[in-house]
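Shown next: model_5.txt, given as compact mmCIF, C-alpha atoms.
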# COMPACT_ATOMS: atom_id res chain seq x y z
CA MET A 1 7.30 -109.69 -91.93
CA PRO A 2 6.95 -105.88 -92.45
CA ARG A 3 3.63 -106.42 -94.29
CA PHE A 4 2.36 -108.33 -91.28
CA LEU A 5 3.31 -105.47 -88.95
CA ILE A 6 1.57 -102.95 -91.17
CA ALA A 7 -1.55 -105.11 -91.35
CA VAL A 8 -1.72 -105.41 -87.54
CA ALA A 9 -1.27 -101.65 -87.12
CA VAL A 10 -4.02 -100.92 -89.68
CA LEU A 11 -6.41 -103.39 -88.03
CA LEU A 12 -5.83 -101.90 -84.60
CA ALA A 13 -6.25 -98.35 -85.92
CA HIS A 14 -9.55 -99.23 -87.66
CA ARG A 15 -10.83 -101.16 -84.66
CA PHE A 16 -10.40 -98.32 -82.20
CA ARG A 17 -10.81 -95.35 -84.60
CA GLY A 18 -8.17 -93.39 -82.85
CA PRO A 19 -5.12 -93.98 -80.72
CA VAL A 20 -4.58 -97.58 -79.72
CA PRO A 21 -4.71 -98.21 -75.95
CA ARG A 22 -1.21 -98.61 -74.54
CA HIS A 23 -1.78 -102.11 -73.15
CA LEU A 24 -3.00 -103.40 -76.55
CA ALA A 25 -0.05 -101.82 -78.35
CA ARG A 26 2.34 -103.54 -75.96
CA LEU A 27 0.53 -106.86 -76.28
CA SER A 28 0.55 -106.73 -80.09
CA LEU A 29 4.25 -105.82 -80.11
CA LEU A 30 5.01 -108.71 -77.77
CA LEU A 31 3.03 -111.15 -79.94
CA ILE A 32 4.72 -109.94 -83.12
CA CYS A 33 8.21 -110.24 -81.60
CA GLY A 34 7.45 -113.71 -80.25
CA LEU A 35 6.09 -114.88 -83.59
CA GLY A 36 9.12 -113.47 -85.40
CA THR A 37 11.47 -115.27 -83.03
CA LEU A 38 9.68 -118.57 -83.55
CA LEU A 39 9.76 -118.24 -87.32
CA ALA A 40 13.35 -117.01 -87.58
CA GLY A 41 14.88 -119.20 -84.85
CA PRO A 42 15.53 -122.42 -86.82
CA ALA A 43 16.87 -120.45 -89.78
CA CYS A 44 19.55 -118.78 -87.63
CA TYR A 45 21.67 -121.88 -87.14
CA ALA A 46 24.99 -121.89 -88.91
CA ASP A 47 26.39 -125.06 -90.44
CA LEU A 48 27.36 -127.60 -87.82
CA LEU A 49 30.91 -127.58 -89.18
CA ARG A 50 32.15 -124.27 -90.57
CA LYS A 51 32.27 -124.19 -94.38
CA SER A 52 35.89 -123.02 -94.24
CA ASP A 53 36.85 -126.01 -92.06
CA ALA A 54 35.02 -128.41 -94.38
CA GLU A 55 36.75 -126.93 -97.45
CA GLU A 56 40.19 -127.15 -95.80
CA MET A 57 39.57 -130.74 -94.73
CA ASN A 58 38.37 -131.70 -98.23
CA ALA A 59 41.47 -130.10 -99.78
CA GLY A 60 43.66 -132.22 -97.51
CA PHE A 61 41.62 -135.35 -98.17
CA ARG A 62 42.12 -134.99 -101.94
CA GLU A 63 45.86 -135.47 -101.47
CA ARG A 64 45.72 -138.45 -99.08
CA THR A 65 44.27 -141.90 -98.84
CA TYR A 66 43.31 -143.75 -95.70
CA THR A 67 43.24 -147.40 -94.68
CA ALA A 68 40.45 -148.86 -92.55
CA ARG A 69 41.76 -149.96 -89.14
CA GLN A 70 38.78 -152.31 -88.76
CA ASP A 71 35.67 -153.33 -90.64
CA ILE A 72 33.46 -150.26 -90.85
CA TYR A 73 29.71 -150.62 -90.55
CA ALA A 74 27.01 -148.01 -91.14
CA PRO A 75 27.07 -145.58 -88.18
CA PHE A 76 23.33 -146.00 -87.64
CA ASN A 77 23.34 -149.84 -87.67
CA ASN A 78 22.56 -151.83 -84.57
CA ARG A 79 25.89 -153.23 -83.42
CA ASP A 80 24.28 -156.40 -82.03
CA GLU A 81 22.66 -157.31 -85.31
CA ALA A 82 24.25 -160.41 -86.86
CA SER A 83 23.52 -159.45 -90.46
CA ARG A 84 25.24 -156.06 -90.50
CA GLU A 85 26.56 -154.90 -93.83
CA VAL A 86 30.27 -154.10 -93.96
CA LEU A 87 30.73 -150.75 -95.70
CA ILE A 88 34.53 -150.86 -95.80
CA LYS A 89 36.64 -153.89 -95.04
CA ARG A 90 39.69 -153.74 -92.82
CA GLY A 91 42.78 -152.69 -94.80
CA GLU A 92 40.82 -151.22 -97.72
CA ARG A 93 42.20 -147.90 -99.03
CA VAL A 94 39.75 -145.04 -99.35
CA ARG A 95 39.56 -141.31 -100.04
CA LEU A 96 37.40 -139.08 -97.87
CA TYR A 97 35.32 -135.97 -98.17
CA VAL A 98 33.18 -134.01 -95.73
CA GLU A 99 29.64 -132.73 -96.25
CA THR A 100 28.01 -130.35 -93.78
CA SER A 101 24.67 -128.66 -93.21
CA ARG A 102 22.88 -126.98 -90.32
CA GLU A 103 21.73 -130.29 -88.89
CA TRP A 104 24.49 -132.82 -89.66
CA ILE A 105 28.06 -133.59 -90.71
CA ARG A 106 28.80 -136.58 -92.92
CA VAL A 107 32.21 -137.98 -93.77
CA ARG A 108 32.01 -140.13 -96.88
CA ALA A 109 34.57 -142.66 -98.04
CA ILE A 110 35.06 -143.91 -101.61
CA PRO A 111 37.53 -146.54 -102.82
CA ALA A 112 40.91 -144.90 -103.49
CA ASP A 113 40.98 -146.02 -107.14
CA GLU A 114 37.56 -144.49 -107.98
CA GLN A 115 36.58 -140.89 -108.72
CA ARG A 116 34.11 -139.01 -106.53
CA GLU A 117 32.06 -138.07 -109.59
CA HIS A 118 31.38 -141.75 -110.32
CA ASN A 119 30.81 -142.96 -106.76
CA PRO A 120 28.90 -141.03 -104.06
CA GLY A 121 30.75 -142.93 -101.32
CA ARG A 122 29.61 -144.51 -98.08
CA VAL A 123 28.96 -142.57 -94.90
CA VAL A 124 31.54 -143.58 -92.29
CA VAL A 125 31.07 -140.77 -89.74
CA TYR A 126 27.72 -139.11 -89.11
CA VAL A 127 27.22 -136.34 -86.52
CA LEU A 128 23.78 -134.87 -85.77
CA ARG A 129 23.16 -131.44 -84.20
CA ASP A 130 20.70 -132.96 -81.72
CA PHE A 131 23.38 -135.36 -80.47
CA VAL A 132 25.92 -132.55 -80.13
CA GLU A 133 23.47 -130.43 -78.14
CA GLN A 134 22.47 -133.35 -75.91
CA GLN A 135 26.08 -134.13 -75.12
CA ALA A 136 26.80 -130.42 -74.55
CA GLU A 137 29.98 -130.86 -76.59
CA ALA A 138 29.55 -127.56 -78.42
CA ALA A 139 27.11 -124.71 -78.44
CA ALA A 140 24.76 -124.60 -81.42
CA GLU A 141 26.23 -121.31 -82.61
CA GLU A 142 29.83 -122.49 -82.34
CA GLY A 143 29.37 -125.69 -84.28
CA TYR A 144 31.24 -128.95 -84.00
CA PRO A 145 34.99 -128.70 -83.37
CA ARG A 146 37.10 -129.69 -86.38
CA GLU A 147 39.66 -131.37 -84.11
CA LYS A 148 36.99 -133.65 -82.65
CA LEU A 149 35.85 -134.67 -86.15
CA GLU A 150 39.45 -135.38 -87.21
CA ALA A 151 39.95 -137.49 -84.05
CA GLU A 152 36.81 -139.48 -84.87
CA ILE A 153 38.08 -140.11 -88.40
CA LEU A 154 41.52 -141.21 -87.15
CA ARG A 155 39.85 -143.58 -84.68
CA ILE A 156 38.55 -145.74 -87.55
CA LEU A 157 40.92 -144.85 -90.42
CA ALA A 158 44.72 -144.61 -90.60
CA PRO A 159 46.55 -142.33 -93.06
CA ALA A 160 47.99 -144.43 -95.89
CA GLY A 161 49.80 -141.75 -97.90
CA PRO A 162 49.09 -140.26 -101.33
If you took the structure in this file and wrote it as structure tokens, what would it be?
Amino acid sequence: MPRFLIAVAVLLAHRFRGPVPRHLARLSLLLICGLGTLLAGPACYADLLRKSDAEEMNAGFRERTYTARQDIYAPFNNRDEASREVLIKRGERVRLYVETSREWIRVRAIPADEQREHNPGRVVVYVLRDFVEQQAEAAAEEGYPREKLEAEILRILAPAGP
């Protein structure tokens, strides 16, 4: 970005061979600031779920298993579709872990008797930033509340113990 500013200043100085008119200096500054805001805006989002919250949740999930309260289908499946694939059957024991980025939160479940390294797991809860912003549940800078994510997990899964 500084190179761009220098290039604009040099071009204006060569164009007018002297001091730049005040109105053009203001206009160029306004254009540069607007362009910088557009380019930097999407990169300013923090993770949707704080990294510290995700790490704490994953540490707790390593010690516990959960049992499915009901058959769990892919969160993005059409619920009316007759041929839906069951990801986790009712009563099946699973271990969980959370993944987060700027745009989404995923809670993955793997069978309790398998290791995470050998099985990537199935997504059982999926939260998108766009959905959060549309619902006005949390500001983009604040992220998604950990308590709300835990409530969503407990809605479909029950703690089963170690």
Closest of A:Phe61, A:Trp104, A:Tyr126, A:Tyr73 to Asp47 in chain A - atom-to-atom distances counting all atoms listed in the file: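 Among A:Phe61, A:Trp104, A:Tyr126, A:Tyr73, it is A:Trp104 that comes nearest to Asp47 in chain A.
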Please compute the CA of Leu48 in chain A-CA of Leu157 in chain A distance, one decimal, in Å.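 Distance between the two atoms: 22.1 Å.
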Fewer than 2 positions away in the same chain doesn't count, so skip those; otherwise give me all residues within 7 Å of range 110-116 of chain A, counting all atoms listed in the file, as a PyMOL selection string. chain A and resi 65+93-96+108+118-122
Could you jot down the CA of Thr100 in chain A to CA of Glu117 in chain A separation for me, Å, one decimal place?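 Atom-to-atom, CA of Thr100 in chain A to CA of Glu117 in chain A, that is 18.1 Å.
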Could you put an axis-aligned box around every listed atom of range 115-134 of chain A, padded by 4 Å on each side, and send me its centre and edge lengths in Å to one decimal, as JSON?
{"center_x": 28.6, "center_y": -137.5, "center_z": -93.1, "size_x": 23.9, "size_y": 22.1, "size_z": 42.4}
Which of these, A:Ala59, A:Ala68, A:Leu49, A:Ala158, has the shortest distance to Glu99 in chain A once you count only C-alpha atoms?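 Using only C-alpha atoms, the shortest distance to Glu99 in chain A belongs to A:Leu49.
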Proximity to Glu150 in chain A - best of A:Arg64, A:Gln134, A:Val107, A:Arg129, only C-alpha atoms: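 Of A:Arg64, A:Gln134, A:Val107, A:Arg129, the one nearest Glu150 in chain A is A:Val107, counting only C-alpha atoms.
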Go ahead and compute the interatomic distance for CA of Ile105 in chain A and CA of Asp130 in chain A, in Å to one decimal. 11.6 Å
When you count all atoms listed in the file, which of these residues is closest to Gln70 in chain A: A:Glu92, A:Glu56, A:Glu85, A:Glu103? A:Glu92
Need the shell around Arg106 in chain A: protein/DNA/RNA residues with any atom at most 9 Å away, counting all atoms listed in the file. Skip same-chain ones fewer than 5 positions apart. Format as a PyMOL selection string? chain A and resi 97-101+123-128
When distances are computed from only C-alpha atoms, which of A:Val86, A:Gln135, A:Ala74, A:Leu149 shows the smallest separation from Arg50 in chain A?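 That would be A:Leu149, the residue with the smallest distance to Arg50 in chain A.
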Selected residue of minimal separation from Arg90 in chain A among A:Ala109, A:Arg102, A:Met57, A:Arg69, counting only C-alpha atoms: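 Of A:Ala109, A:Arg102, A:Met57, A:Arg69, the one nearest Arg90 in chain A is A:Arg69, counting only C-alpha atoms.
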